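Below is one structure, written out as structure tokens; the observations come after it.
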Amino acid sequence: MLVAQRKNPDYHGFSADADADVLNMRAAFLAGISIAIVLGSVFVHYLPDYGLQQWARREAEIQVRERERRGLPLLTSNYYDPKRLPLPPPGVTPDPGVGL
């Protein structure tokens, strides 16, 4: 190895011949970078759904189709069913200090 370094100060450790050494170094570098880019891209592509955004989109489309099939409006003004909420009787104003 010391002899190869004396002959070729830019010795990369692939071959004693200077031209073959540079060619093999470039091939190894190209292969390593290519594999890293390809495997990195595959890894990122197959990561789980971040924030469940794709699932939420599919679920919303299912809900829209179901509401259209039933003839219901897509959106209602009440998020919760008002019949199931415990509301105070009409005319009674709640005390703002209660429940804190």
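Chain identifiers are assigned as A, B, and so on, following the order in which chains appear in the structure tokens; residues are numbered from 1 within each chain, and ligands are numbered from 1 in order of appearance.
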
* Can you list every residue in chain A that DSSP puts in alpha helix (DSSP H), as an NGL selection string? -> :A and (2-7 or 18-45 or 53-70)

Requested write-out: N, CA and C atoms of the selected residues, as a short mmCIF file (atom, residue, chain, number, x, y, z; two decimals), in the first residue's frame:
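So the final result, stored in out-v7.cif, reads:
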```cif
data_model
loop_
_atom_site.label_atom_id
_atom_site.label_comp_id
_atom_site.auth_asym_id
_atom_site.auth_seq_id
_atom_site.Cartn_x
_atom_site.Cartn_y
_atom_site.Cartn_z
N LEU A 2 1.96 1.24 0.76
CA LEU A 2 2.86 2.40 0.78
C LEU A 2 3.50 2.63 -0.57
N VAL A 3 3.79 1.52 -1.28
CA VAL A 3 4.39 1.64 -2.60
C VAL A 3 3.38 2.29 -3.55
N ALA A 4 2.13 1.88 -3.47
CA ALA A 4 1.09 2.44 -4.33
C ALA A 4 0.88 3.92 -4.01
N GLN A 5 0.98 4.30 -2.75
CA GLN A 5 0.81 5.70 -2.40
C GLN A 5 1.98 6.55 -2.89
N ARG A 6 3.17 5.95 -2.91
CA ARG A 6 4.32 6.70 -3.42
C ARG A 6 4.20 6.90 -4.93
N LYS A 7 3.71 5.87 -5.64
CA LYS A 7 3.54 5.99 -7.09
C LYS A 7 2.41 6.97 -7.43
N ALA A 18 -2.96 3.81 -11.38
CA ALA A 18 -3.61 5.10 -11.09
C ALA A 18 -4.94 5.25 -11.83
N ASP A 19 -4.97 4.89 -13.12
CA ASP A 19 -6.22 5.04 -13.89
C ASP A 19 -7.30 4.09 -13.40
N ALA A 20 -6.93 2.85 -13.11
CA ALA A 20 -7.90 1.87 -12.61
C ALA A 20 -8.39 2.27 -11.23
N ASP A 21 -7.50 2.85 -10.43
CA ASP A 21 -7.87 3.28 -9.09
C ASP A 21 -8.93 4.38 -9.15
N VAL A 22 -8.74 5.37 -10.01
CA VAL A 22 -9.71 6.46 -10.15
C VAL A 22 -11.03 5.93 -10.71
N LEU A 23 -10.94 5.05 -11.72
CA LEU A 23 -12.16 4.48 -12.31
C LEU A 23 -12.95 3.68 -11.27
N ASN A 24 -12.26 2.84 -10.51
CA ASN A 24 -12.95 2.04 -9.49
C ASN A 24 -13.51 2.91 -8.37
N MET A 25 -12.78 3.96 -8.00
CA MET A 25 -13.27 4.87 -6.97
C MET A 25 -14.54 5.57 -7.44
N ARG A 26 -14.56 6.03 -8.68
CA ARG A 26 -15.74 6.71 -9.21
C ARG A 26 -16.92 5.75 -9.33
N ALA A 27 -16.65 4.51 -9.75
CA ALA A 27 -17.72 3.52 -9.86
C ALA A 27 -18.31 3.20 -8.49
N ALA A 28 -17.45 3.03 -7.49
CA ALA A 28 -17.93 2.74 -6.14
C ALA A 28 -18.73 3.92 -5.59
N PHE A 29 -18.24 5.13 -5.84
CA PHE A 29 -18.95 6.32 -5.37
C PHE A 29 -20.31 6.44 -6.05
N LEU A 30 -20.36 6.24 -7.37
CA LEU A 30 -21.62 6.32 -8.10
C LEU A 30 -22.60 5.26 -7.61
N ALA A 31 -22.10 4.03 -7.43
CA ALA A 31 -22.98 2.96 -6.96
C ALA A 31 -23.49 3.25 -5.55
N GLY A 32 -22.61 3.71 -4.68
CA GLY A 32 -23.03 4.00 -3.31
C GLY A 32 -24.06 5.11 -3.23
N ILE A 33 -23.83 6.19 -3.97
CA ILE A 33 -24.79 7.30 -3.96
C ILE A 33 -26.11 6.87 -4.61
N SER A 34 -26.04 6.11 -5.70
CA SER A 34 -27.26 5.65 -6.37
C SER A 34 -28.08 4.76 -5.45
N ILE A 35 -27.41 3.84 -4.76
CA ILE A 35 -28.14 2.95 -3.85
C ILE A 35 -28.75 3.75 -2.72
N ALA A 36 -28.00 4.72 -2.19
CA ALA A 36 -28.54 5.54 -1.10
C ALA A 36 -29.77 6.33 -1.55
N ILE A 37 -29.72 6.89 -2.75
CA ILE A 37 -30.86 7.67 -3.24
C ILE A 37 -32.06 6.77 -3.50
N VAL A 38 -31.84 5.62 -4.11
CA VAL A 38 -32.95 4.72 -4.43
C VAL A 38 -33.56 4.15 -3.15
N LEU A 39 -32.72 3.63 -2.26
CA LEU A 39 -33.27 3.04 -1.03
C LEU A 39 -33.88 4.12 -0.13
N GLY A 40 -33.29 5.31 -0.12
CA GLY A 40 -33.89 6.40 0.65
C GLY A 40 -35.24 6.80 0.11
N SER A 41 -35.36 6.85 -1.20
CA SER A 41 -36.65 7.20 -1.82
C SER A 41 -37.70 6.12 -1.54
N VAL A 42 -37.31 4.87 -1.63
CA VAL A 42 -38.25 3.78 -1.34
C VAL A 42 -38.68 3.84 0.12
N PHE A 43 -37.73 4.10 1.01
CA PHE A 43 -38.06 4.20 2.43
C PHE A 43 -39.07 5.32 2.68
N VAL A 44 -38.81 6.48 2.11
CA VAL A 44 -39.71 7.63 2.32
C VAL A 44 -41.08 7.36 1.69
N HIS A 45 -41.09 6.70 0.54
CA HIS A 45 -42.37 6.41 -0.13
C HIS A 45 -43.24 5.47 0.71
N GLN A 53 -53.63 11.57 7.12
CA GLN A 53 -54.29 12.46 6.16
C GLN A 53 -54.97 11.67 5.05
N GLN A 54 -54.31 10.64 4.54
CA GLN A 54 -54.93 9.84 3.48
C GLN A 54 -56.14 9.09 4.02
N TRP A 55 -56.04 8.57 5.24
CA TRP A 55 -57.17 7.86 5.83
C TRP A 55 -58.34 8.82 6.01
N ALA A 56 -58.07 10.03 6.49
CA ALA A 56 -59.14 11.01 6.72
C ALA A 56 -59.84 11.36 5.41
N ARG A 57 -59.06 11.47 4.33
CA ARG A 57 -59.65 11.77 3.02
C ARG A 57 -60.58 10.64 2.57
N ARG A 58 -60.10 9.39 2.70
CA ARG A 58 -60.93 8.24 2.30
C ARG A 58 -62.19 8.16 3.16
N GLU A 59 -62.05 8.40 4.45
CA GLU A 59 -63.21 8.33 5.35
C GLU A 59 -64.22 9.43 5.01
N ALA A 60 -63.74 10.62 4.67
CA ALA A 60 -64.65 11.72 4.29
C ALA A 60 -65.40 11.38 3.01
N GLU A 61 -64.69 10.77 2.05
CA GLU A 61 -65.37 10.39 0.81
C GLU A 61 -66.43 9.33 1.06
N ILE A 62 -66.17 8.40 1.96
CA ILE A 62 -67.16 7.39 2.31
C ILE A 62 -68.38 8.05 2.96
N GLN A 63 -68.14 9.01 3.87
CA GLN A 63 -69.25 9.70 4.53
C GLN A 63 -70.09 10.50 3.53
N VAL A 64 -69.42 11.15 2.58
CA VAL A 64 -70.15 11.93 1.57
C VAL A 64 -71.02 11.01 0.72
N ARG A 65 -70.46 9.90 0.27
CA ARG A 65 -71.26 8.95 -0.53
C ARG A 65 -72.45 8.42 0.26
N GLU A 66 -72.24 8.10 1.54
CA GLU A 66 -73.32 7.58 2.37
C GLU A 66 -74.42 8.62 2.57
N ARG A 67 -74.04 9.88 2.81
CA ARG A 67 -75.04 10.94 2.99
C ARG A 67 -75.79 11.21 1.69
N GLU A 68 -75.09 11.15 0.56
CA GLU A 68 -75.77 11.34 -0.73
C GLU A 68 -76.74 10.20 -1.00
N ARG A 69 -76.35 8.98 -0.63
CA ARG A 69 -77.23 7.83 -0.84
C ARG A 69 -78.50 7.94 0.00
N ARG A 70 -78.36 8.46 1.22
CA ARG A 70 -79.51 8.61 2.10
C ARG A 70 -80.33 9.88 1.81
#
```
